[in-house]
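This is input-v1.txt (compact mmCIF, C-alpha atoms).
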# COMPACT_ATOMS: atom_id res chain seq x y z
CA MET A 1 0.00 0.00 0.00
CA LYS A 2 1.47 3.34 -0.97
CA ILE A 3 1.21 6.90 0.23
CA LYS A 4 2.99 9.88 -1.21
CA ILE A 5 3.36 13.19 0.60
CA ARG A 6 6.09 15.58 -0.41
CA LYS A 7 7.69 18.05 1.94
CA LYS A 8 10.25 20.60 0.82
CA THR A 9 12.14 23.55 2.27
CA ALA A 10 12.38 26.35 -0.26
CA ILE A 11 14.76 29.30 -0.04
CA ILE A 12 13.02 32.35 -1.42
CA LYS A 13 15.18 35.18 -2.67
CA TRP A 14 14.27 38.79 -2.26
CA LEU A 15 15.97 42.17 -2.26
CA TYR A 16 17.25 43.57 1.01
CA ILE A 17 17.73 47.28 1.34
CA THR A 18 21.26 48.53 1.94
CA ILE A 19 22.03 48.61 5.61
CA PHE A 20 23.09 51.94 6.98
CA CYS A 21 23.11 52.31 10.75
CA ALA A 22 24.07 55.95 11.06
CA CYS A 23 23.70 56.81 14.71
CA LEU A 24 24.65 60.45 15.00
CA PRO A 25 24.33 61.66 18.62
CA GLN A 26 25.39 65.30 18.78
CA ALA A 27 26.16 67.17 21.96
CA GLY A 28 23.94 70.19 22.23
CA ALA A 29 21.95 69.29 19.15
CA VAL A 30 18.67 71.11 18.77
CA VAL A 31 15.68 68.77 18.89
CA SER A 32 12.68 69.73 16.78
CA GLN A 33 9.39 70.80 18.34
CA ALA A 34 8.01 67.30 17.64
CA ALA A 35 10.43 65.97 20.25
CA ALA A 36 8.58 67.86 22.95
CA VAL A 37 5.97 65.09 23.02
CA PRO A 38 7.92 61.79 22.85
CA CYS A 39 6.12 58.74 21.49
CA HIS A 40 5.63 55.55 23.43
CA LEU A 41 6.35 52.22 21.71
CA GLU A 42 2.68 51.66 20.82
CA GLU A 43 2.54 55.10 19.21
CA ILE A 44 5.73 54.39 17.28
CA GLN A 45 4.05 51.29 15.87
CA GLU A 46 1.09 53.41 14.79
CA GLU A 47 3.44 55.85 13.06
CA PHE A 48 5.05 52.99 11.14
CA GLU A 49 1.64 51.49 10.26
CA ASN A 50 0.46 54.79 8.78
CA ALA A 51 3.71 55.15 6.84
CA ILE A 52 3.46 51.64 5.35
CA GLN A 53 -0.21 52.08 4.52
CA ASN A 54 0.41 55.41 2.80
CA GLY A 55 3.57 54.33 1.01
CA GLN A 56 5.80 56.81 2.85
CA THR A 57 9.54 56.37 2.46
CA GLU A 58 10.58 58.73 5.26
CA ILE A 59 9.14 59.00 8.74
CA SER A 60 10.23 61.08 11.74
CA PHE A 61 9.14 60.95 15.36
CA ALA A 62 10.42 61.76 18.85
CA ALA A 63 10.90 59.16 21.57
CA SER A 64 12.89 58.42 24.67
CA GLU A 65 16.60 58.04 23.94
CA ASN A 66 16.57 54.98 26.20
CA TYR A 67 14.76 52.90 23.57
CA THR A 68 17.15 50.59 21.73
CA LEU A 69 17.23 50.20 17.98
CA GLU A 70 15.97 46.65 18.46
CA GLN A 71 12.89 47.94 20.31
CA ILE A 72 12.16 50.45 17.55
CA GLN A 73 12.56 47.83 14.83
CA GLN A 74 10.24 45.49 16.72
CA GLN A 75 7.55 48.12 16.36
CA LEU A 76 8.31 48.32 12.64
CA SER A 77 7.95 44.52 12.39
CA LYS A 78 4.63 44.61 14.25
CA ALA A 79 3.39 47.44 12.06
CA ALA A 80 4.32 45.50 8.94
CA LEU A 81 2.43 42.42 10.15
CA GLU A 82 -0.67 44.51 10.78
CA GLN A 83 -0.51 45.57 7.14
CA LYS A 84 0.12 41.95 6.00
CA TYR A 85 3.81 42.39 5.32
CA LEU A 86 6.94 40.80 6.75
CA TYR A 87 9.76 43.21 7.55
CA THR A 88 12.85 41.74 5.88
CA GLY A 89 15.85 43.65 7.16
CA LYS A 90 17.43 46.66 8.77
CA THR A 91 16.67 50.19 7.71
CA ARG A 92 18.64 53.34 7.17
CA TYR A 93 17.98 55.64 10.08
CA ARG A 94 19.20 58.70 11.98
CA LYS A 95 19.00 59.41 15.68
CA GLN A 96 19.62 62.81 17.29
CA THR A 97 19.46 63.15 21.04
CA ASN A 98 19.14 65.98 23.53
CA GLY A 99 18.16 65.92 27.17
CA GLY A 100 16.84 62.35 27.26
CA ILE A 101 14.71 62.78 24.12
CA ALA A 102 15.70 61.52 20.69
CA GLU A 103 14.40 62.45 17.28
CA TYR A 104 14.39 59.50 14.88
CA THR A 105 14.19 59.56 11.12
CA PHE A 106 13.69 56.25 9.31
CA TRP A 107 13.93 55.70 5.58
CA ILE A 108 11.92 52.69 4.39
CA THR A 109 11.03 51.35 0.94
CA GLN A 110 8.61 48.76 -0.36
CA ASP A 111 11.59 46.47 -0.97
CA SER A 112 11.88 46.27 2.82
CA PHE A 113 8.80 44.03 2.99
CA ILE A 114 7.38 40.73 1.74
CA GLU A 115 3.64 40.45 1.26
CA ILE A 116 2.22 37.71 3.51
CA GLU A 117 -1.02 36.26 4.84
CA PRO A 118 -0.79 36.16 8.66
CA VAL A 119 -2.20 33.08 10.42
CA LYS A 120 -3.17 34.13 13.93
CA ASN A 121 -4.26 30.87 15.56
CA THR A 122 -4.80 27.16 14.96
CA LYS A 123 -8.45 27.52 13.98
CA GLU A 124 -7.50 30.05 11.33
CA ALA A 125 -4.68 27.75 10.19
CA TYR A 126 -7.14 24.92 9.43
CA ARG A 127 -9.41 27.25 7.47
CA LYS A 128 -6.64 28.88 5.46
CA ALA A 129 -4.83 25.61 4.78
CA LEU A 130 -7.97 23.93 3.44
CA THR A 131 -9.16 26.88 1.36
CA ALA A 132 -5.65 27.19 -0.13
CA LEU A 133 -5.77 23.52 -1.13
CA ARG A 134 -9.31 23.82 -2.48
CA ASP A 135 -8.46 26.91 -4.52
CA CYS A 136 -5.03 25.62 -5.67
CA ASP A 137 -3.44 28.66 -4.07
CA TYR A 138 0.27 28.18 -4.74
CA THR A 139 1.34 31.82 -4.47
CA THR A 140 0.33 33.05 -1.01
CA ARG A 141 3.07 33.24 1.61
CA PHE A 142 1.54 32.39 4.98
CA TYR A 143 3.20 33.48 8.22
CA SER A 144 2.73 32.34 11.82
CA ASP A 145 4.41 30.47 14.63
CA PRO A 146 5.78 27.02 13.64
CA SER A 147 2.78 25.04 14.98
CA CYS A 148 0.51 26.42 12.27
CA TYR A 149 2.87 25.27 9.53
CA ALA A 150 2.42 21.72 10.83
CA ILE A 151 -1.33 22.10 10.30
CA PHE A 152 -0.79 22.94 6.63
CA TYR A 153 1.24 19.76 6.23
CA LEU A 154 -1.39 17.71 8.08
CA MET A 155 -4.21 19.04 5.88
CA LEU A 156 -2.36 17.88 2.77
CA GLN A 157 -2.09 14.42 4.33
CA GLN A 158 -5.78 14.36 5.24
CA HIS A 159 -6.93 15.56 1.81
CA PRO A 160 -5.07 13.74 -0.97
CA GLU A 161 -7.90 14.68 -3.34
CA TYR A 162 -6.00 17.98 -3.69
CA ASN A 163 -2.54 16.41 -3.74
CA TYR A 164 -1.12 16.19 -7.24
CA ASN A 165 2.47 15.88 -6.05
CA THR A 166 1.90 19.11 -4.16
CA VAL A 167 4.81 20.48 -2.14
CA VAL A 168 4.64 22.02 1.33
CA TRP A 169 7.45 24.54 1.60
CA LYS A 170 8.84 26.53 4.51
CA ASN A 171 11.36 29.36 4.63
CA LYS A 172 13.74 30.27 7.44
CA ASN A 173 12.01 33.64 7.81
CA GLY A 174 8.82 31.85 8.97
CA THR A 175 6.85 31.98 5.71
CA TYR A 176 5.36 28.81 4.22
CA GLY A 177 2.69 27.55 1.86
CA TYR A 178 1.86 25.15 -0.95
CA ARG A 179 3.64 24.79 -4.26
CA ARG A 180 2.94 22.85 -7.45
CA SER A 181 5.78 20.41 -8.11
CA SER A 182 7.69 20.44 -11.38
CA GLU A 183 6.24 17.12 -12.63
CA LEU A 184 2.95 18.70 -13.74
CA THR A 185 2.25 21.99 -15.44
CA GLU A 186 -0.59 24.17 -14.21
CA ALA A 187 -2.66 23.23 -17.25
CA GLU A 188 -2.05 19.50 -16.73
CA GLN A 189 -2.96 19.61 -13.06
CA ASN A 190 -6.08 21.68 -13.67
CA ALA A 191 -7.23 19.30 -16.39
CA LYS A 192 -6.80 16.25 -14.17
CA MET A 193 -8.57 17.87 -11.22
CA ARG A 194 -11.48 19.01 -13.40
CA ALA A 195 -11.83 15.53 -14.86
CA ALA A 196 -11.91 13.98 -11.37
CA ASP A 197 -14.44 16.62 -10.24
CA ARG A 198 -16.72 15.81 -13.15
CA LYS A 199 -16.68 12.10 -12.35
CA ALA A 200 -17.42 12.79 -8.67
CA GLU A 201 -20.25 15.18 -9.53
CA GLU A 202 -21.75 12.72 -12.02
CA PHE A 203 -21.77 10.02 -9.38
CA VAL A 204 -23.49 12.24 -6.80
CA LYS A 205 -26.07 13.36 -9.36
CA ASN A 206 -26.84 9.93 -10.83
CA ARG A 207 -26.22 7.47 -7.99
CA LEU A 208 -27.20 9.23 -4.77
CA LYS A 209 -30.96 9.49 -4.48
CA GLN A 210 -33.00 11.87 -2.38
CA GLY A 211 -33.94 10.31 0.93
CA MET A 212 -30.84 8.12 1.22
CA SER A 213 -29.29 8.07 4.69
CA THR A 214 -25.68 9.05 5.25
CA MET A 215 -24.69 5.42 5.67
CA GLN A 216 -26.44 4.44 2.44
CA LYS A 217 -24.55 7.18 0.61
CA LEU A 218 -21.25 6.05 2.12
CA GLN A 219 -21.93 2.46 1.08
CA ALA A 220 -22.78 3.60 -2.45
CA ILE A 221 -19.44 5.45 -2.68
CA HIS A 222 -17.59 2.45 -1.25
CA ASP A 223 -19.22 0.03 -3.70
CA TYR A 224 -18.66 2.33 -6.68
CA LEU A 225 -14.92 2.66 -6.04
CA ILE A 226 -14.51 -1.09 -5.60
CA LYS A 227 -16.41 -1.85 -8.81
CA GLN A 228 -14.83 0.89 -10.91
CA CYS A 229 -11.26 0.96 -9.62
CA SER A 230 -8.59 -1.71 -9.37
CA TYR A 231 -5.44 -1.66 -7.29
CA ASP A 232 -2.43 -0.63 -9.36
CA LYS A 233 0.20 -3.26 -8.59
CA THR A 234 2.54 -1.82 -11.21
CA CYS A 235 2.77 1.62 -9.58
CA LYS A 236 6.32 2.37 -8.47
CA ASP A 237 7.02 3.88 -5.08
CA SER A 238 9.04 6.82 -6.38
CA SER A 239 9.27 10.54 -5.70
CA GLY A 240 7.90 11.40 -9.15
CA TYR A 241 4.29 12.02 -10.11
CA GLU A 242 1.98 9.01 -10.56
CA ASP A 243 -1.73 9.23 -11.48
CA SER A 244 -2.42 6.26 -9.22
CA TYR A 245 -1.78 8.41 -6.14
CA THR A 246 -4.62 10.76 -7.09
CA ALA A 247 -8.40 10.92 -7.24
CA TYR A 248 -7.94 11.32 -10.99
CA GLY A 249 -6.27 7.92 -11.15
CA ALA A 250 -9.08 6.25 -9.21
CA LEU A 251 -12.03 7.97 -10.93
CA VAL A 252 -10.83 8.52 -14.49
CA LYS A 253 -8.10 5.98 -15.21
CA LYS A 254 -9.72 3.49 -12.78
CA LYS A 255 -6.39 2.41 -11.32
CA ALA A 256 -5.00 3.59 -8.00
CA VAL A 257 -3.08 2.80 -4.85
CA CYS A 258 -4.45 3.57 -1.39
CA GLN A 259 -3.86 7.33 -1.60
CA GLY A 260 -5.87 7.42 -4.83
CA TYR A 261 -8.74 5.46 -3.28
CA THR A 262 -8.89 7.68 -0.20
CA GLY A 263 -8.63 10.85 -2.25
CA ALA A 264 -11.47 9.78 -4.54
CA PHE A 265 -13.60 8.78 -1.55
CA ASN A 266 -13.01 12.19 0.08
CA LEU A 267 -13.87 14.03 -3.12
CA ILE A 268 -17.18 12.25 -3.69
CA ALA A 269 -18.16 12.37 -0.01
CA GLN A 270 -17.61 16.12 0.21
CA LYS A 271 -19.68 16.74 -2.92
CA ALA A 272 -22.39 14.70 -1.22
CA GLY A 273 -22.11 16.88 1.90
CA ILE A 274 -20.38 14.23 4.03
CA ALA A 275 -17.21 15.04 5.97
CA SER A 276 -14.36 12.66 5.17
CA ILE A 277 -10.61 12.72 5.73
CA ALA A 278 -7.77 10.38 4.87
CA VAL A 279 -5.91 8.68 7.71
CA CYS A 280 -2.23 8.02 7.06
CA GLY A 281 -0.49 5.22 8.89
CA THR A 282 0.58 1.64 8.30
CA ALA A 283 -1.22 -1.63 7.68
CA GLY A 284 0.20 -5.04 6.90
CA GLY A 285 3.65 -3.67 7.56
CA GLU A 286 3.43 -1.02 4.80
CA ASP A 287 2.54 2.66 4.53
CA HIS A 288 -1.20 2.91 4.00
CA SER A 289 -4.14 5.33 4.02
CA TRP A 290 -7.88 4.89 4.57
CA ASN A 291 -10.90 7.08 5.33
CA PHE A 292 -12.43 8.43 8.51
CA VAL A 293 -15.96 9.79 7.98
CA LYS A 294 -18.64 11.61 9.93
CA ALA A 295 -21.44 9.19 10.77
CA GLY A 296 -24.11 10.48 13.14
CA ARG A 297 -22.50 12.16 16.14
CA GLY A 298 -19.33 10.15 15.81
CA GLY A 299 -17.02 8.78 13.16
CA ALA A 300 -16.49 5.53 11.29
CA TYR A 301 -13.58 4.04 9.37
CA ILE A 302 -13.69 2.81 5.78
CA ASP A 303 -10.84 1.15 3.91
CA CYS A 304 -11.87 0.74 0.27
CA THR A 305 -8.40 -0.42 -0.72
CA TRP A 306 -8.42 -3.42 1.56
CA ASP A 307 -12.03 -4.29 0.79
CA ASP A 308 -11.14 -4.20 -2.92
CA THR A 309 -8.01 -6.33 -2.61
CA LEU A 310 -9.79 -8.82 -0.30
CA GLN A 311 -12.73 -9.15 -2.68
CA THR A 312 -13.31 -12.54 -4.31
CA GLY A 313 -15.65 -13.21 -7.19
CA ASP A 314 -18.39 -10.73 -8.05
CA GLY A 315 -19.37 -9.92 -4.47
CA ILE A 316 -18.28 -6.84 -2.55
CA CYS A 317 -16.30 -7.19 0.66
CA TYR A 318 -17.43 -5.12 3.66
CA ASP A 319 -14.79 -6.20 6.19
CA TYR A 320 -13.53 -2.62 6.43
CA PHE A 321 -16.69 -0.64 5.81
CA ASN A 322 -18.20 1.37 8.69
CA VAL A 323 -15.96 -0.15 11.33
CA SER A 324 -15.06 1.24 14.73
CA LYS A 325 -11.66 2.39 15.91
CA SER A 326 -11.17 -0.78 17.92
CA VAL A 327 -11.87 -2.97 14.89
CA ILE A 328 -9.61 -1.20 12.41
CA ALA A 329 -6.87 -0.84 15.03
CA ARG A 330 -6.44 -4.63 15.02
CA ASN A 331 -4.22 -4.35 11.96
CA HIS A 332 -3.98 -0.61 11.17
CA ARG A 333 -1.66 1.76 13.03
CA TRP A 334 -1.77 5.58 13.05
CA GLU A 335 -1.27 8.65 15.25
CA GLN A 336 -4.83 8.96 16.46
CA LYS A 337 -4.53 12.55 17.72
CA LYS A 338 -3.60 13.69 14.21
CA TYR A 339 -6.78 12.19 12.73
CA ALA A 340 -9.41 12.97 15.35
CA LEU A 341 -13.13 13.62 15.23
CA LYS A 342 -12.52 17.39 15.42
CA HIS A 343 -10.80 17.28 12.02
CA LEU A 344 -14.03 16.17 10.38
CA ASP A 345 -15.61 19.47 11.41
CA TYR A 346 -13.04 21.39 9.36
CA CYS A 347 -14.25 19.69 6.16
CA LYS A 348 -16.94 22.40 6.03
CA TYR A 349 -14.30 24.67 4.47
CA LEU A 350 -14.19 22.36 1.44
CA MET A 351 -17.93 22.06 0.83

Hey, can you dump this file as structure tokens for me?
Amino acid sequence: MKIKIRKKTAIIKWLYITIFCACLPQAGAVVSQAAAVPCHLEEIQEEFENAIQNGQTEISFAASENYTLEQIQQQLSKAALEQKYLYTGKTRYRKQTNGGIAEYTFWITQDSFIEIEPVKNTKEAYRKALTALRDCDYTTRFYSDPSCYAIFYLMLQQHPEYNYNTVVWKNKNGTYGYRRSSELTEAEQNAKMRAADRKAEEFVKNRLKQGMSTMQKLQAIHDYLIKQCSYDKTCKDSSGYEDSYTAYGALVKKKAVCQGYTGAFNLIAQKAGIASIAVCGTAGGEDHSWNFVKAGRGGAYIDCTWDDTLQTGDGICYDYFNVSKSVIARNHRWEQKKYALKHLDYCKYLM
């Protein structure tokens, strides 16, 4: 059984402004009238925010001479984040002091910043990670503490229906996001995803009848994949792109490995309004994935791959359909906290 998730650290190049730290304290220097009312750190941040918002390249303010350059630049970093930018480096500045008060002048340019999408908490991380996958957003640079990056990686694992050799990248400056790998062009990926979408939508329209219960719909999806798709024993476990790892492989080419089965199941279930995620772990001593779905107030496990490979004759095997955690845990292993009931609630961002 095969699973493919790619993870990559990318080094993004950008222009840094020339660093000039010209501290020019002058004995007896005359401080401007603005220095008569020194700014506190919060007010300095507001000054920087207004400057960034208005595209100013020069900003002057008075403050206590006891503030360090690091403290001032922290306010510039905070101001940039409020405007959805990441401050990239040091700035040319001047400081003139007199009687405990300093007058600062900072010169900033747009090249001092990188445009980002801040991620403020874990709940926001789930929403932004899933909508980025859904929308094939491969350009946005997200920014947060490291724990939110892990959520982006987890969402790609849980939703292989959007994984066409997709890369999760992370930069040393704290930015991260999704990237399309080099194996597929944008046109090729879009064509494959549209084809898989059409198959999933046709199934929901033609096979799922009004009045069917959730469990009846899940069984219909399970049976359809087993009848239409066969396990691809020829698929190589390589780092390159393979259709069999995708929902496209399962629904259009009708050949897949476990990641393709689970991705196709997710895709159809979501179009039917049913929350479903892929669970990544091991089974039979190999890497494997299967589905965890919302059923009533709780969840149930479905492993189409194993039911397909265990099938004999024309009948359909249901050994791994709608089974409990205790049943599937007899021969499947996974990090249960990473694939919990709460994750099914986040599927609403994909529907």

Task: Spatial neighbours of Ala220 in chain A, 12 Å, only C-alpha atoms, chain gap at least 3 places, as a VMD selection string - done: chain A and resid 203 to 204 206 to 209 212 to 217 223 to 228 265 268 to 269 272 304 316 318 321

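Distance check against Thr185 in chain A using only C-alpha atoms: of A:Thr166, A:Thr131, A:Ser77, A:Thr68, the minimum falls on A:Thr166.
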
TODO: Please identify all polymer residues lying at most 12 Å from the point (-4.8, 29.7, 15.8) (file coordinates), using only C-alpha atoms, and present the result as a ChimeraX atom specification.
DONE: /A:118-129,143-151

TODO: Return the single residue from A:Tyr85, A:Tyr248, A:Tyr301, A:Tyr67 that is closest to Gln53 in chain A, with distances computed using only C-alpha atoms.
DONE: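 Selected residue with least distance to Gln53 in chain A: A:Tyr85.
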
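When all atoms listed in the file are used to compute distances to Tyr245 in chain A, the closest of the residues A:Asn173, A:Asn165, A:Ser182, A:Asn190 turns out to be A:Asn165.
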
Open item on the list: At a cut-off of 9 Å, using all atoms listed in the file, what residues contact Gly55 in chain A? Leave out same-chain residues fewer than 5 positions from it and give the result as a list in words.
Closed with: Asn50, Thr109 and Gln110 of chain A

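Take CA of Tyr176 in chain A and CA of Ala79 in chain A: the distance between them is 20.3 Å.
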
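The spacing separating CA of Leu86 in chain A from CA of Leu41 in chain A amounts to 18.8 Å.
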
Open item on the list: Using Å and a single decimal, report how far CA of Lys255 in chain A sits from CA of Lys233 in chain A.
Closed with: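 One can read the CA of Lys233 in chain A to CA of Lys255 in chain A distance as 9.1 Å.
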
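Distances from A:Asn266, A:Ser238, A:Asn171, A:Gln259 to Leu350 in chain A were compared using all atoms listed in the file, and the smallest one belongs to A:Asn266.
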
Task: Residue contacts of His288 in chain A (12 Å, only C-alpha atoms) excluding same-chain residues fewer than 4 positions away, as a ChimeraX atom specification - done: /A:1-5,157,245,257-262,278-284,303-306,331-334

Open item on the list: Using all atoms listed in the file, can you tell me which of A:Ile274, A:Gly177, A:Gly99, A:Gln83 comes closest to Asn54 in chain A?
Closed with: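 Closest residue, counting all atoms listed in the file: A:Gln83.
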
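Using all atoms listed in the file, the smallest distance between any of A:Glu42, A:Glu58, A:Glu201, A:Asp137 and Ile221 in chain A comes from A:Glu201.
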
Can you report as JSON the centre and edge lengths in Å, to one decimal, of an axis-aligned box around the listed atoms of range 152-161 of chain A padded with 5 Å on each side?
{"center_x": -3.3, "center_y": 18.3, "center_z": 2.4, "size_x": 19.1, "size_y": 19.2, "size_z": 21.4}

With a distance cut-off of 12 Å and all atoms listed in the file, select the neighbouring residues of Arg180 in chain A, excluding the residue or stretch itself and same-chain residues fewer than 3 positions from it, and output the selection as an mmCIF file with C-alpha atoms, in the coordinates of the input.
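See around.cif below for the written result:
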data_model
loop_
_atom_site.group_PDB
_atom_site.id
_atom_site.type_symbol
_atom_site.label_atom_id
_atom_site.label_comp_id
_atom_site.auth_asym_id
_atom_site.auth_seq_id
_atom_site.Cartn_x
_atom_site.Cartn_y
_atom_site.Cartn_z
ATOM 1 C CA ARG A 6 6.090 15.580 -0.410
ATOM 2 C CA LYS A 7 7.690 18.050 1.940
ATOM 3 C CA LYS A 8 10.250 20.600 0.820
ATOM 4 C CA LEU A 133 -5.770 23.520 -1.130
ATOM 5 C CA CYS A 136 -5.030 25.620 -5.670
ATOM 6 C CA ASP A 137 -3.440 28.660 -4.070
ATOM 7 C CA TYR A 138 0.270 28.180 -4.740
ATOM 8 C CA THR A 139 1.340 31.820 -4.470
ATOM 9 C CA TYR A 162 -6.000 17.980 -3.690
ATOM 10 C CA ASN A 163 -2.540 16.410 -3.740
ATOM 11 C CA TYR A 164 -1.120 16.190 -7.240
ATOM 12 C CA ASN A 165 2.470 15.880 -6.050
ATOM 13 C CA THR A 166 1.900 19.110 -4.160
ATOM 14 C CA VAL A 167 4.810 20.480 -2.140
ATOM 15 C CA VAL A 168 4.640 22.020 1.330
ATOM 16 C CA TRP A 169 7.450 24.540 1.600
ATOM 17 C CA GLY A 177 2.690 27.550 1.860
ATOM 18 C CA GLU A 183 6.240 17.120 -12.630
ATOM 19 C CA LEU A 184 2.950 18.700 -13.740
ATOM 20 C CA THR A 185 2.250 21.990 -15.440
ATOM 21 C CA GLU A 186 -0.590 24.170 -14.210
ATOM 22 C CA ALA A 187 -2.660 23.230 -17.250
ATOM 23 C CA GLU A 188 -2.050 19.500 -16.730
ATOM 24 C CA GLN A 189 -2.960 19.610 -13.060
ATOM 25 C CA ASN A 190 -6.080 21.680 -13.670
ATOM 26 C CA TYR A 241 4.290 12.020 -10.110
#
